[in-house]
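Asker: Next comes my_file-v5.txt, compact mmCIF, C-alpha atoms:
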```txt
# COMPACT_ATOMS: atom_id res chain seq x y z
CA MET H 275 112.47 57.29 109.10
CA THR H 276 114.73 59.76 107.31
CA ILE H 277 114.01 63.44 107.81
CA ASP H 278 115.81 66.47 106.42
CA THR H 279 118.09 67.33 109.34
CA SER H 280 119.86 70.02 107.27
CA LEU H 281 116.84 72.19 108.11
CA LEU H 282 117.58 71.73 111.84
CA PRO H 283 121.10 72.98 112.61
CA ALA H 284 122.48 72.02 116.01
CA GLY H 285 121.91 74.64 118.67
CA SER H 286 118.51 75.69 117.29
CA ARG H 287 115.50 76.39 119.47
CA VAL H 288 112.58 74.86 117.56
CA LEU H 289 108.88 75.56 117.94
CA CYS H 290 106.96 72.53 116.61
CA ALA H 291 103.44 73.23 115.33
CA VAL H 292 101.20 70.38 116.49
CA SER H 293 97.52 69.91 115.70
CA GLY H 294 97.21 66.48 117.31
CA GLY H 295 96.90 64.74 113.94
CA ALA H 296 99.13 61.92 112.73
CA ASP H 297 101.66 64.07 110.85
CA SER H 298 102.28 66.66 113.55
CA MET H 299 102.41 64.05 116.34
CA CYS H 300 105.01 62.16 114.31
CA LEU H 301 107.11 65.31 113.88
CA LEU H 302 106.84 66.31 117.53
CA HIS H 303 107.77 62.84 118.75
CA LEU H 304 110.72 62.70 116.34
CA LEU H 305 112.08 66.08 117.39
CA TRP H 306 111.52 65.50 121.09
CA SER H 307 112.99 62.00 121.14
CA ARG H 308 116.01 63.01 119.06
CA ARG H 309 116.54 66.47 120.53
CA GLU H 310 119.77 65.57 122.30
CA ALA H 311 121.24 63.76 119.30
CA LEU H 312 120.34 66.67 117.03
CA GLY H 313 121.39 69.33 119.54
CA LEU H 314 117.97 70.98 119.60
CA GLU H 315 115.77 72.64 122.16
CA VAL H 316 112.14 71.76 121.37
CA LEU H 317 108.85 73.43 122.28
CA ALA H 318 105.33 72.67 121.01
CA ALA H 319 102.58 75.07 119.88
CA HIS H 320 98.88 74.37 119.28
CA TYR H 321 96.30 76.80 117.87
CA GLU H 322 92.63 75.97 118.43
CA HIS H 323 90.63 77.73 115.69
CA GLY H 324 87.21 77.42 117.31
CA LEU H 325 85.75 75.86 114.17
CA ARG H 326 84.72 72.31 115.09
CA GLY H 327 83.09 72.78 118.45
CA GLU H 328 83.74 70.01 120.95
CA GLU H 329 86.01 68.12 118.56
CA SER H 330 88.31 71.13 118.29
CA LEU H 331 88.44 71.48 122.07
CA ARG H 332 89.10 67.73 122.33
CA ASP H 333 92.14 68.10 120.03
CA ALA H 334 93.52 70.95 122.15
CA ALA H 335 93.04 68.96 125.34
CA PHE H 336 94.70 65.90 123.76
CA VAL H 337 97.79 67.90 122.75
CA ARG H 338 97.94 69.59 126.16
CA ASP H 339 97.70 66.32 128.08
CA TRP H 340 100.20 64.43 125.91
CA CYS H 341 102.76 67.23 126.08
CA ARG H 342 102.32 67.36 129.86
CA GLU H 343 102.94 63.61 130.12
CA GLN H 344 106.09 63.87 128.01
CA GLY H 345 107.32 67.02 129.72
CA ILE H 346 107.23 69.01 126.49
CA PRO H 347 106.77 72.79 126.93
CA LEU H 348 103.55 73.82 125.14
CA ILE H 349 102.10 77.15 124.03
CA LEU H 350 98.34 76.84 123.45
CA GLU H 351 96.02 79.54 122.16
CA HIS H 352 92.32 79.69 121.27
CA GLY H 353 90.97 81.78 118.40
CA ASP H 354 87.83 82.59 116.42
CA ALA H 355 88.59 81.84 112.78
CA ALA H 356 84.94 82.17 111.70
CA GLY H 357 84.65 85.64 113.23
CA TYR H 358 87.97 86.69 111.73
CA ALA H 359 86.91 85.42 108.30
CA LYS H 360 83.66 87.37 108.46
CA SER H 361 85.30 90.60 109.61
CA ARG H 362 88.00 90.44 106.91
CA GLY H 363 85.92 89.03 104.05
CA LEU H 364 88.04 85.87 103.87
CA GLY H 365 87.28 82.20 103.31
CA ILE H 366 87.33 80.01 106.43
CA GLU H 367 90.44 78.07 105.36
CA GLU H 368 92.31 81.25 104.48
CA ALA H 369 91.36 82.90 107.77
CA ALA H 370 92.33 79.85 109.82
CA ARG H 371 95.70 79.65 108.11
CA ALA H 372 96.39 83.37 108.62
CA LEU H 373 95.54 83.16 112.33
CA ARG H 374 97.55 79.98 112.82
CA TYR H 375 100.73 81.30 111.23
CA ALA H 376 100.40 84.65 112.99
CA PHE H 377 100.19 82.74 116.29
CA LEU H 378 103.20 80.59 115.44
CA GLU H 379 105.33 83.60 114.48
CA ARG H 380 104.28 85.48 117.61
CA ALA H 381 104.91 82.50 119.89
CA ALA H 382 108.30 81.84 118.29
CA GLY H 383 109.29 85.45 118.76
CA GLU H 384 108.17 85.56 122.39
CA ARG H 385 110.01 82.32 123.24
CA GLY H 386 113.18 83.15 121.29
CA CYS H 387 112.79 80.27 118.81
CA ASP H 388 115.04 80.21 115.75
CA LEU H 389 112.79 77.86 113.78
CA ILE H 390 109.13 76.90 113.41
CA ALA H 391 108.72 73.28 112.28
CA THR H 392 105.53 72.20 110.50
CA ALA H 393 104.57 68.65 109.53
CA HIS H 394 103.85 68.95 105.79
CA ASN H 395 104.61 65.64 104.10
CA ALA H 396 105.18 64.29 100.58
CA GLU H 397 101.47 63.90 99.82
CA ASP H 398 100.76 67.43 101.06
CA ASN H 399 103.39 68.66 98.60
CA ALA H 400 101.91 66.63 95.73
CA GLU H 401 98.42 67.95 96.53
CA THR H 402 99.74 71.51 96.49
CA VAL H 403 101.33 70.98 93.07
CA LEU H 404 98.05 69.54 91.74
CA PHE H 405 96.01 72.33 93.32
CA HIS H 406 98.11 74.98 91.57
CA LEU H 407 98.13 73.01 88.32
CA VAL H 408 94.33 73.02 88.31
CA ARG H 409 94.42 76.81 88.71
CA GLY H 410 96.86 77.22 85.80
CA SER H 411 99.79 78.45 87.89
CA GLY H 412 103.30 78.99 86.56
CA ALA H 413 106.60 77.73 87.94
CA ALA H 414 106.19 79.52 91.28
CA GLY H 415 102.92 77.75 92.05
CA LEU H 416 104.06 74.41 90.66
CA SER H 417 107.16 74.57 92.86
CA GLY H 418 105.01 73.16 95.65
CA ILE H 419 105.71 73.69 99.33
CA PRO H 420 109.22 75.06 99.98
CA PRO H 421 111.31 73.14 102.54
CA ARG H 422 112.08 76.45 104.19
CA ARG H 423 110.48 79.90 104.13
CA GLY H 424 111.86 82.38 106.60
CA ARG H 425 112.16 80.53 109.88
CA ILE H 426 109.48 77.99 108.95
CA VAL H 427 110.97 74.57 108.14
CA ARG H 428 109.34 71.34 106.97
CA PRO H 429 111.55 68.33 107.85
CA LEU H 430 108.92 65.74 106.79
CA LEU H 431 108.42 67.07 103.25
CA GLY H 432 110.06 64.00 101.71
CA VAL H 433 108.26 61.51 104.00
CA SER H 434 105.09 59.71 102.89
CA ARG H 435 101.92 59.25 104.95
CA ARG H 436 102.53 55.52 104.85
CA GLU H 437 105.91 56.00 106.54
CA ILE H 438 104.35 58.33 109.08
CA GLY H 439 101.64 55.79 109.93
CA ALA H 440 104.23 53.04 110.32
CA TYR H 441 106.32 55.23 112.63
CA LEU H 442 103.35 56.07 114.87
CA ALA H 443 102.43 52.38 115.17
CA ARG H 444 105.99 51.31 115.91
CA GLU H 445 106.61 54.02 118.50
CA GLN H 446 103.06 53.75 119.90
CA VAL H 447 102.43 57.47 119.48
CA PRO H 448 98.72 58.39 119.74
CA HIS H 449 96.98 60.95 117.57
CA VAL H 450 93.50 62.31 116.89
CA GLU H 451 91.58 62.43 113.61
CA ASP H 452 90.11 65.67 112.25
CA SER H 453 86.66 64.73 110.90
CA SER H 454 86.80 67.61 108.38
CA ASN H 455 89.63 65.79 106.58
CA ALA H 456 87.07 63.36 105.16
CA SER H 457 84.82 66.11 103.77
CA GLU H 458 85.07 66.52 100.01
CA ALA H 459 83.62 70.01 100.33
CA TYR H 460 87.21 71.26 100.53
CA SER H 461 89.25 71.34 97.31
CA ARG H 462 92.34 69.79 98.86
CA ASN H 463 90.34 66.95 100.37
CA LEU H 464 88.82 66.24 96.96
CA LEU H 465 92.31 65.99 95.47
CA ARG H 466 93.42 63.79 98.38
CA CYS H 467 90.46 61.42 98.28
CA ARG H 468 89.82 61.11 94.54
CA VAL H 469 92.64 62.44 92.37
CA LEU H 470 95.77 61.35 94.21
CA PRO H 471 94.72 57.66 94.45
CA VAL H 472 94.22 57.52 90.65
CA LEU H 473 97.66 59.04 90.04
CA GLU H 474 99.20 56.58 92.48
CA GLU H 475 97.66 53.74 90.46
CA LEU H 476 99.62 55.05 87.46
CA ASN H 477 102.75 55.57 89.56
CA PRO H 478 102.80 54.32 93.17
CA ALA H 479 105.66 56.75 93.83
CA PHE H 480 103.73 59.74 92.46
CA PRO H 481 104.11 61.92 95.61
CA ALA H 482 107.89 61.51 95.45
CA ALA H 483 107.86 62.15 91.69
CA ALA H 484 105.78 65.30 92.19
CA GLY H 485 108.24 66.38 94.85
CA ARG H 486 111.16 65.99 92.43
CA ALA H 487 109.34 67.96 89.74
CA ALA H 488 108.53 70.69 92.26
CA ARG H 489 112.17 70.89 93.34
CA LEU H 490 113.35 71.27 89.74
CA LEU H 491 110.77 73.98 89.11
CA ARG H 492 111.82 75.71 92.33
CA GLU H 493 115.39 75.86 91.04
CA ASP H 494 114.21 77.24 87.67
CA GLU H 495 112.07 79.80 89.47
CA ALA H 496 115.01 80.91 91.63
CA CYS H 497 117.17 81.39 88.52
CA LEU H 498 114.55 83.39 86.60
CA SER H 499 113.65 85.44 89.65
CA GLY H 500 117.33 86.24 90.12
CA LEU H 501 117.55 87.54 86.55
CA ALA H 502 114.47 89.69 87.19
CA GLU H 503 116.03 91.11 90.36
CA ASP H 504 119.27 91.87 88.49
CA PHE H 505 117.29 93.79 85.87
CA ILE H 506 115.39 95.76 88.50
CA ARG H 507 118.60 96.73 90.30
CA ALA H 508 120.14 97.91 87.03
CA GLU H 509 117.17 99.63 85.36
CA TYR H 510 114.55 100.64 87.91
CA ASP H 511 115.04 104.16 89.29
CA GLY H 512 112.60 103.81 92.15
CA GLU H 513 109.51 104.72 90.15
CA SER H 514 110.02 103.84 86.49
CA LEU H 515 112.01 101.90 83.88
CA LEU H 516 112.50 102.02 80.11
CA ALA H 517 109.71 100.13 78.36
CA GLU H 518 111.91 99.01 75.46
CA LYS H 519 114.42 97.40 77.83
CA LEU H 520 111.62 95.50 79.57
CA LEU H 521 110.31 94.28 76.21
CA ALA H 522 113.79 93.12 75.19
CA LEU H 523 113.77 90.57 78.02
CA PRO H 524 112.49 87.00 77.59
CA TRP H 525 108.86 86.81 78.64
CA SER H 526 109.75 84.55 81.57
CA VAL H 527 111.94 87.34 82.98
CA SER H 528 109.85 90.40 82.05
CA SER H 529 106.75 88.86 83.63
CA ARG H 530 108.67 88.38 86.88
CA VAL H 531 109.92 91.96 86.78
CA LEU H 532 106.32 93.15 86.58
CA ARG H 533 105.19 90.85 89.38
CA ARG H 534 107.95 92.11 91.68
CA LEU H 535 107.27 95.78 91.02
CA CYS H 536 103.49 95.56 91.43
CA PRO H 537 102.06 95.63 94.96
CA ARG H 538 99.58 92.77 94.47
CA PRO H 539 99.65 89.41 92.65
CA LEU H 540 99.13 89.60 88.89
CA SER H 541 97.22 87.16 86.72
CA LEU H 542 98.44 86.17 83.26
CA GLU H 543 95.93 88.63 81.79
CA HIS H 544 97.37 91.44 83.93
CA VAL H 545 100.92 90.65 82.81
CA GLU H 546 99.88 90.62 79.15
CA ALA H 547 98.07 93.95 79.57
CA ALA H 548 101.17 95.50 81.15
CA LEU H 549 103.46 94.25 78.36
CA ALA H 550 100.99 95.48 75.72
CA LEU H 551 101.11 98.90 77.39
CA ALA H 552 104.93 98.81 77.29
CA GLY H 553 104.81 98.13 73.56
CA GLY H 554 102.67 101.16 72.73
CA SER H 555 103.53 104.85 72.35
CA GLY H 556 102.37 108.09 73.87
CA LEU H 557 100.70 108.61 77.22
CA ALA H 558 98.51 105.70 78.36
CA TRP H 559 97.55 103.67 81.43
CA ALA H 560 96.70 100.10 82.42
CA ASP H 561 94.84 99.31 85.62
CA LEU H 562 96.48 96.48 87.58
CA PRO H 563 95.65 95.19 91.07
CA GLY H 564 96.64 97.95 93.49
CA LEU H 565 98.28 100.08 90.80
CA ARG H 566 97.60 102.22 87.76
CA LEU H 567 100.60 101.51 85.52
CA ARG H 568 101.50 104.53 83.37
CA ARG H 569 103.44 104.71 80.11
CA GLU H 570 104.96 108.10 79.37
CA GLN H 571 107.93 109.24 77.30
CA GLY H 572 108.93 105.63 76.67
CA ARG H 573 108.99 104.69 80.36
CA LEU H 574 106.69 102.62 82.55
CA TYR H 575 105.85 104.29 85.86
CA PHE H 576 104.97 102.04 88.79
CA ALA H 577 104.86 104.71 91.51
CA PRO H 578 101.54 106.53 92.01
CA GLU H 579 101.60 109.79 90.07
CA GLY H 580 99.97 111.80 92.83
CA PRO H 581 98.28 115.19 92.45
CA VAL H 582 100.17 117.92 90.60
CA PRO H 583 100.34 121.06 92.75
CA SER H 584 99.08 124.22 91.09
CA PHE H 585 100.88 127.52 91.45
CA PRO H 586 99.72 131.01 90.50
CA ASP H 587 101.41 133.66 88.37
CA ARG H 588 103.73 135.82 90.47
CA VAL H 589 105.61 139.00 89.50
CA LEU H 590 109.40 138.73 89.55
CA ARG H 591 111.09 142.02 90.50
CA PRO H 592 114.80 142.79 90.10
CA GLY H 593 116.66 142.79 93.42
CA GLN H 594 114.04 140.64 95.14
CA ASP H 595 113.71 136.92 95.78
CA LEU H 596 110.56 135.26 94.51
CA GLU H 597 109.55 132.10 96.36
CA ILE H 598 107.42 129.46 94.66
CA PRO H 599 106.56 127.29 97.71
CA GLU H 600 104.39 124.90 95.68
CA LEU H 601 107.48 123.85 93.71
CA GLY H 602 110.05 124.27 96.47
CA LEU H 603 111.91 126.85 94.35
CA LEU H 604 113.35 130.32 94.85
CA VAL H 605 113.89 132.66 91.89
CA ARG H 606 116.48 135.44 92.26
CA ALA H 607 116.78 138.33 89.82
CA GLN H 608 119.37 141.11 89.77
CA VAL H 609 120.69 143.57 87.18
CA VAL H 610 124.29 142.85 86.22
CA GLU H 611 126.88 144.00 83.75
CA ALA H 612 126.73 142.16 80.47
CA LEU H 613 127.23 138.45 80.89
CA GLY H 614 127.36 137.18 77.38
CA GLU H 615 126.73 133.47 77.96
CA ILE H 616 123.97 131.32 79.31
CA HIS H 617 124.64 128.60 81.87
CA GLY H 618 124.48 125.19 80.23
CA LEU H 619 121.72 123.91 82.53
CA PHE H 620 119.73 127.16 82.35
CA LYS H 621 119.59 127.28 86.16
CA THR H 622 121.49 130.56 85.97
CA TYR H 623 121.04 132.72 82.88
CA CYS H 624 120.63 136.32 81.72
CA LEU H 625 117.94 138.29 79.92
CA LYS H 626 118.60 141.46 77.92
CA CYS H 627 116.99 144.27 79.95
CA GLU H 628 116.05 146.57 77.03
CA ASN H 629 114.07 143.76 75.37
CA ILE H 630 111.92 143.00 78.42
CA TYR H 631 108.47 144.57 78.11
CA GLY H 632 106.66 145.39 81.34
CA ASP H 633 106.66 143.12 84.39
CA ILE H 634 108.21 139.68 84.34
CA VAL H 635 105.71 137.07 85.51
CA CYS H 636 106.66 133.58 86.69
CA GLY H 637 103.88 131.00 86.42
CA PRO H 638 102.75 127.70 84.88
CA ARG H 639 102.59 127.00 81.16
CA ARG H 640 99.58 128.14 79.16
CA GLY H 641 97.95 126.63 76.11
CA GLY H 642 99.56 127.96 72.93
CA ASP H 643 102.77 129.10 74.63
CA LYS H 644 105.71 129.36 72.21
CA LEU H 645 109.05 131.09 71.80
CA ARG H 646 111.97 131.37 69.43
CA PRO H 647 114.80 129.65 71.36
CA ALA H 648 118.18 131.37 71.18
CA GLY H 649 120.44 129.61 68.71
CA ARG H 650 117.70 127.46 67.15
CA GLY H 651 116.63 129.71 64.27
CA CYS H 652 112.95 128.69 64.51
CA THR H 653 109.88 129.22 66.62
CA LYS H 654 108.82 126.29 68.80
CA SER H 655 105.79 125.63 70.95
CA LEU H 656 106.50 124.80 74.57
CA LYS H 657 104.65 121.55 73.98
CA SER H 658 107.19 120.45 71.37
CA LEU H 659 110.13 121.65 73.46
CA PHE H 660 108.86 119.64 76.41
CA ALA H 661 108.47 116.58 74.19
CA GLU H 662 111.99 116.98 72.78
CA ALA H 663 113.32 117.14 76.34
CA GLY H 664 111.48 113.92 77.25
CA MET H 665 109.57 115.63 80.04
CA THR H 666 106.66 113.80 81.65
CA ARG H 667 103.22 115.33 82.01
CA ARG H 668 103.94 116.04 85.67
CA GLN H 669 107.27 117.71 84.85
CA ARG H 670 105.55 119.89 82.25
CA GLU H 671 102.89 120.99 84.71
CA LEU H 672 105.56 121.85 87.29
CA ALA H 673 107.86 123.78 84.88
CA PRO H 674 107.97 127.52 85.79
CA VAL H 675 107.66 129.77 82.74
CA LEU H 676 108.92 133.39 82.67
CA ARG H 677 106.98 135.78 80.46
CA ASP H 678 106.61 139.52 79.90
CA GLY H 679 104.17 141.68 77.94
CA ALA H 680 105.48 140.30 74.65
CA GLY H 681 105.26 136.61 75.48
CA VAL H 682 107.48 133.83 76.82
CA LEU H 683 110.96 134.91 77.88
CA ALA H 684 112.39 131.64 79.17
CA VAL H 685 111.70 128.22 80.61
CA PRO H 686 114.36 127.53 83.26
CA GLY H 687 116.29 124.40 82.42
CA LEU H 688 115.05 124.39 78.83
CA ALA H 689 115.35 127.52 76.68
CA VAL H 690 115.66 131.34 76.53
CA ALA H 691 113.87 133.45 73.91
CA GLU H 692 116.14 134.72 71.15
CA ARG H 693 114.87 138.30 71.59
CA ALA H 694 115.98 138.33 75.24
CA ALA H 695 119.39 136.67 74.83
CA PRO H 696 122.10 139.23 75.74
CA VAL H 697 125.50 139.66 74.18
CA LEU H 698 128.66 140.87 75.85
CA GLY H 699 128.25 144.52 76.87
CA ASP H 700 124.45 144.43 77.28
CA ARG H 701 122.75 145.39 80.50
CA ALA H 702 121.23 142.13 81.66
CA LEU H 703 118.96 140.65 84.28
CA LYS H 704 120.62 137.65 85.92
CA ILE H 705 118.15 134.93 86.90
CA GLU H 706 119.01 132.14 89.35
CA ILE H 707 116.81 129.18 90.24
CA VAL H 708 117.48 127.75 93.72
CA ARG H 709 115.83 124.73 95.31
CA ILE H 710 114.53 125.39 98.82
CA GLU H 711 115.57 122.96 101.54
CA ARG H 712 112.73 123.16 104.01
CA ASP H 713 112.90 122.38 107.70
CA LYS H 714 110.36 119.55 107.96
CA GLU H 715 109.78 120.22 111.65
CA HIS H 716 108.30 123.61 110.76
CA ASP H 717 106.29 122.59 107.71
```
Render the structure in this file as structure tokens.

Answerer:
Amino acid sequence: MTIDTSLLPAGSRVLCAVSGGADSMCLLHLLWSRREALGLEVLAAHYEHGLRGEESLRDAAFVRDWCREQGIPLILEHGDAAGYAKSRGLGIEEAARALRYAFLERAAGERGCDLIATAHNAEDNAETVLFHLVRGSGAAGLSGIPPRRGRIVRPLLGVSRREIGAYLAREQVPHVEDSSNASEAYSRNLLRCRVLPVLEELNPAFPAAAGRAARLLREDEACLSGLAEDFIRAEYDGESLLAEKLLALPWSVSSRVLRRLCPRPLSLEHVEAALALAGGSGLAWADLPGLRLRREQGRLYFAPEGPVPSFPDRVLRPGQDLEIPELGLLVRAQVVEALGEIHGLFKTYCLKCENIYGDIVCGPRRGGDKLRPAGRGCTKSLKSLFAEAGMTRRQRELAPVLRDGAGVLAVPGLAVAERAAPVLGDRALKIEIVRIERDKEHD
């Protein structure tokens, strides 16, 4: 029997998952009998799910006794898959699988194993491809069972059940039968008992053919996923990306970008809804599993928006620092001799003192706010200025606005009112905006 030894590099410590069934007993016997030739250290692991009563306990005892006779180190654990399924709202098969793999990973870690070997075979792979085909999966699902995922390896993936049966008979290796394998109540068993035999009548080598198709699709999936990852690295800023750049991608790549950036699996309908959102304009949302995707200012936002902190109006007095803790900002104001220019980023700028009426108040924007920006020759609403600057709704809500008794004086980082713009020789109020670096230990 030919197995994929490239998955088992010499010097590896391998934990072999063994249920007691034909496939896993074949794998364990192969690894144990060839351990010296392959340069491996081999251990066995059995998880008893507590699902089939005495039969399940019989399987555990069989594996324990056989491993003891052969001198194979065994890690055996009992669990309650039914109880776990009920407490987590899972199906029995899903719960059993989750518990089994958690046990295998834990046991491998505790025993210092490099690899976990499972006994999936060619028919298992074909059944997986068919199962995902029935569900309408794309290339990822139709790629079947991967030969390796993390430290889990599957050396028998290209071996048929017929070959496994012949090996067990030749080597006189015993095994036990799981009675649930004959029940057509399980989807996979239905495929195994009814669908696969029909396909093998059309092509006796169907499991191998399905394996080849799965391998080709796996390679296509790896290529397309790589293109999606390249796009994310280049365009995603940690919370958003440009919608038009996403839409410019082929669908096979853009859909993978969305699936990688969303926290939960997406259906085809979810992907189409997200791309439809990207193709629109204005502020809008699409609810996806685990995420409310937001479109704003031509960008798609994947990070939760979070609450926008409110901050009250506060009076800014010359010669004093005004802290806005909600925004993490400090505003400094002092009277200076005529600085005739405004800093390009508006983080430091000057206001003409004689054209300031009453107290200067620093606070959030208000409905109807407008000003005549210096150098623009027209009056603009803050709403339109924010839109021109490409500011998001959150950025608009967090923008501090300076105003006096006559209206808006300035929006730091955006504009200064024409009436308050000084010229050289004017007495001016210098305004500086400083970001506060807080000591997190004292927050």

Asker: Grab the CA of Gly295 (chain H) to CA of Asp333 (chain H) distance for me, in Å with one decimal place.

Answerer: 8.4 Å

Asker: My list of candidates is H:Ala318, H:Val635, H:Leu703, H:Cys652. Which is closest to Pro592 (chain H) when distances are computed with only C-alpha atoms?

Answerer: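 Going through H:Ala318, H:Val635, H:Leu703, H:Cys652 one by one, the smallest distance to Pro592 (chain H) is for H:Leu703.
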
Asker: Pick the closest to Ser514 (chain H) from H:Leu557, H:Leu567, H:Val427, H:Leu491: which is it, counting all atoms listed in the file?

Answerer: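 Nearest to Ser514 (chain H): H:Leu567.
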
Asker: Which region 410-506 of chain H residues have any atom within 9 Å of an atom of region 367-389 of chain H, and for each, what is the nearest pair of atoms with distance in Å to one decimal, counting only C-alpha atoms, rows sorted by chain and number, as a Markdown table?

Answerer:
```
| residue | atom | partner | partner_atom | distance |
| --- | --- | --- | --- | --- |
| H:Gly424 | CA | H:Leu389 | CA | 8.5 |
| H:Arg425 | CA | H:Leu389 | CA | 4.8 |
| H:Ile426 | CA | H:Leu389 | CA | 5.9 |
| H:Val427 | CA | H:Leu389 | CA | 6.8 |
| H:Tyr460 | CA | H:Glu367 | CA | 9.0 |
```

Asker: Between CA of Ala440 (chain H) and CA of Ala487 (chain H), measure the distance and give it in Å to one decimal.

Answerer: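 Result for CA of Ala440 (chain H) versus CA of Ala487 (chain H): 25.9 Å, one decimal.
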
Asker: Could you give me, as a PDB file with C-alpha atoms, in the frame of the given file, the residues that have an atom at most 12 Å away from the point (106.7, 122.0, 85.9) in the coordinates of the file, using all atoms listed in the file?

Answerer:
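Wrote selection-v9.pdb, looks like this:
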```pdb
ATOM      1  CA  VAL H 582     100.170 117.920  90.600  1.00  0.00           C
ATOM      2  CA  PRO H 583     100.340 121.060  92.750  1.00  0.00           C
ATOM      3  CA  SER H 584      99.080 124.220  91.090  1.00  0.00           C
ATOM      4  CA  PHE H 585     100.880 127.520  91.450  1.00  0.00           C
ATOM      5  CA  ILE H 598     107.420 129.460  94.660  1.00  0.00           C
ATOM      6  CA  GLU H 600     104.390 124.900  95.680  1.00  0.00           C
ATOM      7  CA  LEU H 601     107.480 123.850  93.710  1.00  0.00           C
ATOM      8  CA  GLY H 602     110.050 124.270  96.470  1.00  0.00           C
ATOM      9  CA  LEU H 603     111.910 126.850  94.350  1.00  0.00           C
ATOM     10  CA  CYS H 636     106.660 133.580  86.690  1.00  0.00           C
ATOM     11  CA  GLY H 637     103.880 131.000  86.420  1.00  0.00           C
ATOM     12  CA  PRO H 638     102.750 127.700  84.880  1.00  0.00           C
ATOM     13  CA  ARG H 639     102.590 127.000  81.160  1.00  0.00           C
ATOM     14  CA  ARG H 640      99.580 128.140  79.160  1.00  0.00           C
ATOM     15  CA  LEU H 656     106.500 124.800  74.570  1.00  0.00           C
ATOM     16  CA  PHE H 660     108.860 119.640  76.410  1.00  0.00           C
ATOM     17  CA  MET H 665     109.570 115.630  80.040  1.00  0.00           C
ATOM     18  CA  THR H 666     106.660 113.800  81.650  1.00  0.00           C
ATOM     19  CA  ARG H 667     103.220 115.330  82.010  1.00  0.00           C
ATOM     20  CA  ARG H 668     103.940 116.040  85.670  1.00  0.00           C
ATOM     21  CA  GLN H 669     107.270 117.710  84.850  1.00  0.00           C
ATOM     22  CA  ARG H 670     105.550 119.890  82.250  1.00  0.00           C
ATOM     23  CA  GLU H 671     102.890 120.990  84.710  1.00  0.00           C
ATOM     24  CA  LEU H 672     105.560 121.850  87.290  1.00  0.00           C
ATOM     25  CA  ALA H 673     107.860 123.780  84.880  1.00  0.00           C
ATOM     26  CA  PRO H 674     107.970 127.520  85.790  1.00  0.00           C
ATOM     27  CA  VAL H 675     107.660 129.770  82.740  1.00  0.00           C
ATOM     28  CA  VAL H 685     111.700 128.220  80.610  1.00  0.00           C
ATOM     29  CA  PRO H 686     114.360 127.530  83.260  1.00  0.00           C
ATOM     30  CA  GLY H 687     116.290 124.400  82.420  1.00  0.00           C
ATOM     31  CA  LEU H 688     115.050 124.390  78.830  1.00  0.00           C
TER      32      LEU H 688
END
```

Asker: What does the structure give for the distance between CA of Trp306 (chain H) and CA of Pro420 (chain H), in Å to one decimal?

Answerer: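 That distance, rounded to one decimal, is 23.3 Å.
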
Asker: Would you kindly return, as a tab-separated table (two decimals) with C-alpha atoms, in the frame of the given file, each protein, DNA or RNA residue with an atom no farther than 12 Å from any atom of region 398-407 of chain H, considering all atoms listed in the file and excluding same-chain residues fewer than 4 positions away?

Answerer:
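For reference, result_35.tsv as written:
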```tsv
chain	number	residue	atom	x	y	z
H	297	ASP	CA	101.66	64.07	110.85
H	392	THR	CA	105.53	72.20	110.50
H	393	ALA	CA	104.57	68.65	109.53
H	394	HIS	CA	103.85	68.95	105.79
H	411	SER	CA	99.79	78.45	87.89
H	412	GLY	CA	103.30	78.99	86.56
H	413	ALA	CA	106.60	77.73	87.94
H	414	ALA	CA	106.19	79.52	91.28
H	415	GLY	CA	102.92	77.75	92.05
H	416	LEU	CA	104.06	74.41	90.66
H	417	SER	CA	107.16	74.57	92.86
H	418	GLY	CA	105.01	73.16	95.65
H	419	ILE	CA	105.71	73.69	99.33
H	420	PRO	CA	109.22	75.06	99.98
H	421	PRO	CA	111.31	73.14	102.54
H	428	ARG	CA	109.34	71.34	106.97
H	430	LEU	CA	108.92	65.74	106.79
H	431	LEU	CA	108.42	67.07	103.25
H	432	GLY	CA	110.06	64.00	101.71
H	433	VAL	CA	108.26	61.51	104.00
H	434	SER	CA	105.09	59.71	102.89
H	435	ARG	CA	101.92	59.25	104.95
H	460	TYR	CA	87.21	71.26	100.53
H	461	SER	CA	89.25	71.34	97.31
H	462	ARG	CA	92.34	69.79	98.86
H	463	ASN	CA	90.34	66.95	100.37
H	464	LEU	CA	88.82	66.24	96.96
H	465	LEU	CA	92.31	65.99	95.47
H	466	ARG	CA	93.42	63.79	98.38
H	467	CYS	CA	90.46	61.42	98.28
H	468	ARG	CA	89.82	61.11	94.54
H	469	VAL	CA	92.64	62.44	92.37
H	470	LEU	CA	95.77	61.35	94.21
H	471	PRO	CA	94.72	57.66	94.45
H	473	LEU	CA	97.66	59.04	90.04
H	474	GLU	CA	99.20	56.58	92.48
H	479	ALA	CA	105.66	56.75	93.83
H	480	PHE	CA	103.73	59.74	92.46
H	481	PRO	CA	104.11	61.92	95.61
H	482	ALA	CA	107.89	61.51	95.45
H	483	ALA	CA	107.86	62.15	91.69
H	484	ALA	CA	105.78	65.30	92.19
H	485	GLY	CA	108.24	66.38	94.85
H	486	ARG	CA	111.16	65.99	92.43
H	487	ALA	CA	109.34	67.96	89.74
H	488	ALA	CA	108.53	70.69	92.26
H	489	ARG	CA	112.17	70.89	93.34
H	491	LEU	CA	110.77	73.98	89.11
H	492	ARG	CA	111.82	75.71	92.33
```

Asker: As lines of an AutoDock Vina configuration file, please report the centre and edge lengths, rounded to one decimal in Å, of the axis-aligned box that holds all listed atoms of region 357-375 of chain H with 3 Å of padding on each of the six sides.

Answerer:
```
center_x = 92.2
center_y = 84.3
center_z = 108.3
size_x = 23.1
size_y = 18.5
size_z = 15.9
```
